$ cat target-v5.txt   # compact mmCIF, C-alpha atoms
# COMPACT_ATOMS: atom_id res chain seq x y z
CA MET A 300 -232.48 189.70 -81.44
CA GLN A 301 -235.12 187.13 -80.50
CA LEU A 302 -233.79 184.25 -78.42
CA GLU A 303 -234.44 180.71 -79.76
CA LYS A 304 -234.22 177.17 -78.43
CA LYS A 305 -230.78 175.49 -78.93
CA GLN A 306 -228.89 178.78 -79.36
CA PHE A 307 -225.61 179.28 -77.52
CA LEU A 308 -224.96 182.41 -75.46
CA LYS A 309 -221.70 183.72 -74.03
CA CYS A 310 -221.12 186.22 -71.25
CA ARG A 311 -219.10 189.14 -72.63
CA LEU A 312 -217.34 189.60 -69.28
CA CYS A 313 -216.59 186.20 -67.72
CA GLY A 314 -216.81 183.95 -70.81
CA MET A 315 -219.45 181.55 -69.47
CA VAL A 316 -221.29 179.71 -72.29
CA ILE A 317 -224.85 178.38 -72.00
CA GLN A 318 -227.29 176.68 -74.36
CA VAL A 319 -230.92 177.77 -74.47
CA LEU A 320 -233.33 174.95 -73.55
CA ASP A 321 -236.44 177.15 -73.39
CA ALA A 322 -236.46 180.64 -74.90
CA GLY A 323 -239.04 181.93 -72.40
CA ASN A 324 -240.13 185.42 -73.47
CA GLY A 325 -237.27 185.59 -76.02
CA ALA A 326 -235.29 188.29 -74.21
CA LEU A 327 -231.51 187.97 -73.92
CA PRO A 328 -230.53 187.09 -70.34
CA LEU A 329 -228.12 189.15 -68.27
CA HIS A 330 -224.93 187.75 -66.76
CA CYS A 331 -222.31 189.75 -64.86
CA GLY A 332 -224.67 192.72 -65.28
CA ALA A 333 -224.63 192.72 -69.10
CA GLU A 334 -226.66 191.14 -71.91
CA MET A 335 -225.21 187.86 -73.10
CA GLU A 336 -223.93 187.54 -76.69
CA VAL A 337 -225.59 185.07 -79.09
CA LEU A 338 -222.90 182.84 -80.63
CA GLU A 339 -223.07 182.30 -84.38
CA ALA A 340 -221.08 179.37 -85.79
CA GLY A 341 -218.04 180.17 -87.91
CA THR A 342 -218.08 183.94 -87.51
CA VAL A 343 -214.64 184.29 -85.89
CA ASP A 344 -211.67 184.88 -88.17
CA ALA A 345 -209.81 181.58 -87.76
CA SER A 346 -208.53 178.62 -89.77
CA LYS A 347 -211.59 176.82 -91.16
CA GLU A 348 -209.59 173.68 -91.94
CA LYS A 349 -208.83 173.34 -88.20
CA HIS A 350 -212.35 174.11 -86.92
CA ILE A 351 -215.14 172.86 -89.19
CA PRO A 352 -216.26 169.39 -88.05
CA VAL A 353 -215.67 166.45 -90.39
CA ILE A 354 -218.18 163.58 -90.16
CA GLU A 355 -217.03 160.04 -90.97
CA GLU A 356 -219.41 157.07 -91.09
CA GLN A 357 -218.55 154.07 -88.93
CA ASN A 358 -220.19 150.66 -88.58
CA ASP A 359 -221.93 151.67 -85.35
CA GLY A 360 -222.53 155.40 -85.95
CA ILE A 361 -220.32 158.35 -86.80
CA LEU A 362 -216.94 159.79 -85.88
CA VAL A 363 -216.74 163.58 -85.70
CA LYS A 364 -213.24 164.99 -86.11
CA VAL A 365 -212.51 168.66 -85.57
CA GLY A 366 -210.96 169.96 -88.76
CA GLU A 367 -209.47 168.47 -91.89
CA ILE A 368 -206.19 169.34 -90.17
CA PRO A 369 -206.45 168.18 -86.52
CA HIS A 370 -207.12 171.04 -84.11
CA PRO A 371 -204.50 171.66 -81.39
CA MET A 372 -205.40 170.31 -77.96
CA GLU A 373 -203.09 172.37 -75.74
CA GLU A 374 -203.71 173.86 -72.28
CA LYS A 375 -204.33 177.34 -73.70
CA HIS A 376 -206.05 176.35 -76.99
CA TYR A 377 -208.33 173.35 -77.30
CA ILE A 378 -211.78 172.05 -78.25
CA GLU A 379 -214.04 172.04 -75.19
CA TRP A 380 -216.80 169.85 -76.64
CA ILE A 381 -218.27 168.26 -79.75
CA GLU A 382 -222.05 168.01 -80.21
CA VAL A 383 -224.27 166.17 -82.68
CA GLU A 384 -227.89 167.19 -83.28
CA ASN A 385 -230.02 164.49 -84.87
CA GLY A 386 -233.64 165.66 -85.07
CA ASN A 387 -234.92 166.03 -81.51
CA TYR A 388 -231.78 164.46 -80.00
CA LEU A 389 -228.60 166.19 -78.84
CA ASN A 390 -225.45 164.28 -77.96
CA ARG A 391 -222.41 166.10 -76.54
CA TYR A 392 -218.92 164.85 -75.72
CA TYR A 393 -216.59 166.94 -73.53
CA LEU A 394 -212.85 167.08 -74.24
CA LYS A 395 -209.82 168.33 -72.35
CA PRO A 396 -206.29 169.36 -73.34
CA GLY A 397 -204.29 166.35 -74.55
CA ASP A 398 -207.34 164.47 -75.91
CA LYS A 399 -207.75 163.78 -79.61
CA PRO A 400 -210.04 166.41 -81.21
CA GLN A 401 -212.70 163.84 -82.10
CA ALA A 402 -215.65 161.89 -80.69
CA SER A 403 -217.72 158.85 -81.68
CA PHE A 404 -221.51 159.03 -81.56
CA TYR A 405 -223.90 156.11 -81.92
CA VAL A 406 -226.27 157.87 -84.29
CA PRO A 407 -226.93 157.27 -88.00
CA ASN A 408 -225.44 159.69 -90.53
CA GLN A 409 -228.66 160.93 -92.08
CA PRO A 410 -229.91 164.11 -93.77
CA GLY A 411 -230.30 166.97 -91.33
CA LEU A 412 -227.54 165.78 -88.98
CA VAL A 413 -225.63 168.75 -87.54
CA ALA A 414 -222.19 168.57 -85.89
CA ARG A 415 -220.93 171.46 -83.74
CA GLU A 416 -217.80 172.09 -81.76
CA TYR A 417 -216.63 174.79 -79.40
CA CYS A 418 -213.04 176.07 -79.39
CA ASN A 419 -212.05 177.90 -76.21
CA ILE A 420 -210.47 180.68 -78.32
CA HIS A 421 -212.29 180.71 -81.68
CA GLY A 422 -215.80 179.86 -80.50
CA LEU A 423 -218.59 177.88 -82.12
CA TRP A 424 -218.28 176.00 -85.45
CA LYS A 425 -220.65 173.64 -87.25
CA LYS A 426 -221.16 171.46 -90.28
$ encode --input "target-v5.txt" --output "structure tokens"
Amino acid sequence: MQLEKKQFLKCRLCGMVIQVLDAGNGALPLHCGAEMEVLEAGTVDASKEKHIPVIEEQNDGILVKVGEIPHPMEEKHYIEWIEVENGNYLNRYYLKPGDKPQASFYVPNQPGLVAREYCNIHGLWKK
């Protein structure tokens, strides 16, 4: 697989997740002595209604909620971050257990806007 800018990679051994800023020669990097796995949004068998981001317009931007049914935010199962990609701009908000599974972003809701979130158990999801 050819590596691309903005992809997410996960170490198969330690679980570290990184985002590609520059694909370099396109080869998958090694971590813990093994090739990293490219994360594809929504490929894990999990409840879609608790993982797919929901975008709501607000007066000063957008509110991104994780799931039509709010995602749990417990010590062992929670959303680590929510990200919005708007053209050349990326905005990310980090969450922790106990937080609401949502984040406000001061960006317009326009065509091409992409919202992503990362669940510590069920991985990457997007809308």
$ closest_residue --input "target-v5.txt" --among "A:Ile378, A:Val383, A:Val337, A:Cys418" --to "Ile354 of chain A" --atoms "all atoms listed in the file"
A:Val383
$ atom_distance --input "target-v5.txt" --atom1 "atom CA of Gly341 of chain A" --atom2 "atom CA of Val413 of chain A"
13.7 Å
$ residues_around --input "target-v5.txt" --residues "Ala414 of chain A" --least-positions-apart "5" --cutoff "6 Å" --atoms "only C-alpha atoms" --output "VMD selection string"
chain A and resid 382 to 383 425 to 426
$ atom_distance --input "target-v5.txt" --atom1 "atom CA of Ser346 of chain A" --atom2 "atom CA of Val363 of chain A"
17.6 Å
$ closest_residue --input "target-v5.txt" --among "A:Asp344, A:Glu339, A:Asp359, A:Glu303" --to "Gly325 of chain A" --atoms "all atoms listed in the file"
A:Glu303
$ atom_distance --input "target-v5.txt" --atom1 "atom CA of Ala326 of chain A" --atom2 "atom CA of Gln306 of chain A"
12.6 Å
$ closest_residue --input "target-v5.txt" --among "A:Ile368, A:Met335, A:Leu389, A:Ile420" --to "Val406 of chain A" --atoms "all atoms listed in the file"
A:Leu389
$ decode --input "target-v5.txt" --residues "segment 303-343 of chain A" --atoms "N, CA and C atoms" --output "mmCIF file, in the first residue's frame"
data_model
loop_
_atom_site.group_PDB
_atom_site.id
_atom_site.type_symbol
_atom_site.label_atom_id
_atom_site.label_comp_id
_atom_site.auth_asym_id
_atom_site.auth_seq_id
_atom_site.Cartn_x
_atom_site.Cartn_y
_atom_site.Cartn_z
ATOM 1 N N GLU A 303 0.026 7.900 2.064
ATOM 2 C CA GLU A 303 -0.444 9.206 1.599
ATOM 3 C C GLU A 303 -0.542 10.192 2.756
ATOM 4 N N LYS A 304 -0.429 11.473 2.420
ATOM 5 C CA LYS A 304 -0.583 12.544 3.396
ATOM 6 C C LYS A 304 -1.954 12.436 4.064
ATOM 7 N N LYS A 305 -2.017 12.712 5.355
ATOM 8 C CA LYS A 305 -3.214 12.739 6.203
ATOM 9 C C LYS A 305 -3.730 11.365 6.619
ATOM 10 N N GLN A 306 -3.080 10.279 6.184
ATOM 11 C CA GLN A 306 -3.489 8.952 6.642
ATOM 12 C C GLN A 306 -3.103 8.772 8.107
ATOM 13 N N PHE A 307 -3.811 7.863 8.771
ATOM 14 C CA PHE A 307 -3.483 7.493 10.141
ATOM 15 C C PHE A 307 -2.881 6.098 10.128
ATOM 16 N N LEU A 308 -1.846 5.911 10.947
ATOM 17 C CA LEU A 308 -1.167 4.624 11.069
ATOM 18 C C LEU A 308 -1.165 4.207 12.529
ATOM 19 N N LYS A 309 -1.233 2.894 12.759
ATOM 20 C CA LYS A 309 -1.226 2.371 14.126
ATOM 21 C C LYS A 309 -0.202 1.252 14.227
ATOM 22 N N CYS A 310 0.563 1.272 15.309
ATOM 23 C CA CYS A 310 1.511 0.197 15.578
ATOM 24 C C CYS A 310 0.722 -1.037 16.006
ATOM 25 N N ARG A 311 0.995 -2.154 15.363
ATOM 26 C CA ARG A 311 0.287 -3.407 15.656
ATOM 27 C C ARG A 311 0.673 -3.977 17.026
ATOM 28 N N LEU A 312 1.794 -3.527 17.577
ATOM 29 C CA LEU A 312 2.274 -4.086 18.841
ATOM 30 C C LEU A 312 1.967 -3.202 20.047
ATOM 31 N N CYS A 313 2.289 -1.910 19.971
ATOM 32 C CA CYS A 313 2.102 -1.046 21.145
ATOM 33 C C CYS A 313 0.858 -0.168 21.066
ATOM 34 N N GLY A 314 0.245 -0.049 19.877
ATOM 35 C CA GLY A 314 -0.985 0.727 19.744
ATOM 36 C C GLY A 314 -0.795 2.209 19.458
ATOM 37 N N MET A 315 0.447 2.675 19.329
ATOM 38 C CA MET A 315 0.676 4.084 19.035
ATOM 39 C C MET A 315 0.028 4.453 17.697
ATOM 40 N N VAL A 316 -0.618 5.636 17.647
ATOM 41 C CA VAL A 316 -1.262 6.119 16.424
ATOM 42 C C VAL A 316 -0.568 7.400 15.987
ATOM 43 N N ILE A 317 -0.268 7.500 14.682
ATOM 44 C CA ILE A 317 0.333 8.711 14.129
ATOM 45 C C ILE A 317 -0.440 9.123 12.880
ATOM 46 N N GLN A 318 -0.310 10.406 12.520
ATOM 47 C CA GLN A 318 -0.890 10.893 11.272
ATOM 48 C C GLN A 318 0.254 11.309 10.354
ATOM 49 N N VAL A 319 0.135 10.948 9.089
ATOM 50 C CA VAL A 319 1.175 11.241 8.104
ATOM 51 C C VAL A 319 1.083 12.708 7.688
ATOM 52 N N LEU A 320 2.168 13.451 7.871
ATOM 53 C CA LEU A 320 2.242 14.841 7.429
ATOM 54 C C LEU A 320 2.918 14.937 6.070
ATOM 55 N N ASP A 321 3.898 14.063 5.838
ATOM 56 C CA ASP A 321 4.604 14.008 4.561
ATOM 57 C C ASP A 321 4.855 12.534 4.272
ATOM 58 N N ALA A 322 4.388 12.048 3.144
ATOM 59 C CA ALA A 322 4.472 10.616 2.827
ATOM 60 C C ALA A 322 5.873 10.158 2.446
ATOM 61 N N GLY A 323 6.807 11.084 2.277
ATOM 62 C CA GLY A 323 8.177 10.700 1.932
ATOM 63 C C GLY A 323 8.203 9.831 0.690
ATOM 64 N N ASN A 324 8.851 8.669 0.783
ATOM 65 C CA ASN A 324 8.933 7.769 -0.375
ATOM 66 C C ASN A 324 7.708 6.858 -0.491
ATOM 67 N N GLY A 325 6.742 7.005 0.423
ATOM 68 C CA GLY A 325 5.503 6.229 0.356
ATOM 69 C C GLY A 325 5.543 4.886 1.049
ATOM 70 N N ALA A 326 6.694 4.517 1.611
ATOM 71 C CA ALA A 326 6.813 3.226 2.289
ATOM 72 C C ALA A 326 6.221 3.297 3.694
ATOM 73 N N LEU A 327 5.595 2.206 4.132
ATOM 74 C CA LEU A 327 5.065 2.146 5.493
ATOM 75 C C LEU A 327 6.215 2.150 6.489
ATOM 76 N N PRO A 328 6.140 2.997 7.521
ATOM 77 C CA PRO A 328 7.205 3.022 8.519
ATOM 78 C C PRO A 328 7.127 1.813 9.453
ATOM 79 N N LEU A 329 8.247 1.542 10.100
ATOM 80 C CA LEU A 329 8.320 0.484 11.102
ATOM 81 C C LEU A 329 8.201 1.099 12.479
ATOM 82 N N HIS A 330 7.554 0.380 13.392
ATOM 83 C CA HIS A 330 7.516 0.763 14.801
ATOM 84 C C HIS A 330 7.490 -0.522 15.601
ATOM 85 N N CYS A 331 8.241 -0.598 16.657
ATOM 86 C CA CYS A 331 8.373 -1.826 17.460
ATOM 87 C C CYS A 331 8.834 -3.000 16.590
ATOM 88 N N GLY A 332 9.577 -2.696 15.515
ATOM 89 C CA GLY A 332 10.127 -3.727 14.654
ATOM 90 C C GLY A 332 9.181 -4.294 13.612
ATOM 91 N N ALA A 333 7.985 -3.695 13.472
ATOM 92 C CA ALA A 333 7.012 -4.204 12.493
ATOM 93 C C ALA A 333 6.412 -3.049 11.702
ATOM 94 N N GLU A 334 5.936 -3.354 10.477
ATOM 95 C CA GLU A 334 5.257 -2.333 9.672
ATOM 96 C C GLU A 334 4.009 -1.855 10.392
ATOM 97 N N MET A 335 3.756 -0.563 10.307
ATOM 98 C CA MET A 335 2.553 -0.005 10.915
ATOM 99 C C MET A 335 1.348 -0.299 10.027
ATOM 100 N N GLU A 336 0.173 -0.349 10.637
ATOM 101 C CA GLU A 336 -1.083 -0.623 9.938
ATOM 102 C C GLU A 336 -1.742 0.695 9.540
ATOM 103 N N VAL A 337 -2.217 0.796 8.300
ATOM 104 C CA VAL A 337 -2.967 1.971 7.855
ATOM 105 C C VAL A 337 -4.389 1.833 8.375
ATOM 106 N N LEU A 338 -4.879 2.863 9.080
ATOM 107 C CA LEU A 338 -6.242 2.829 9.615
ATOM 108 C C LEU A 338 -7.224 3.313 8.562
ATOM 109 N N GLU A 339 -8.284 2.561 8.369
ATOM 110 C CA GLU A 339 -9.369 2.932 7.462
ATOM 111 C C GLU A 339 -10.595 3.204 8.321
ATOM 112 N N ALA A 340 -11.242 4.324 8.108
ATOM 113 C CA ALA A 340 -12.401 4.710 8.914
ATOM 114 C C ALA A 340 -13.556 3.735 8.751
ATOM 115 N N GLY A 341 -14.173 3.384 9.886
ATOM 116 C CA GLY A 341 -15.390 2.586 9.882
ATOM 117 C C GLY A 341 -15.247 1.139 9.477
ATOM 118 N N THR A 342 -14.058 0.563 9.601
ATOM 119 C CA THR A 342 -13.877 -0.823 9.166
ATOM 120 C C THR A 342 -13.961 -1.825 10.311
ATOM 121 N N VAL A 343 -14.055 -1.341 11.547
ATOM 122 C CA VAL A 343 -14.169 -2.226 12.707
ATOM 123 C C VAL A 343 -15.643 -2.535 12.933
#
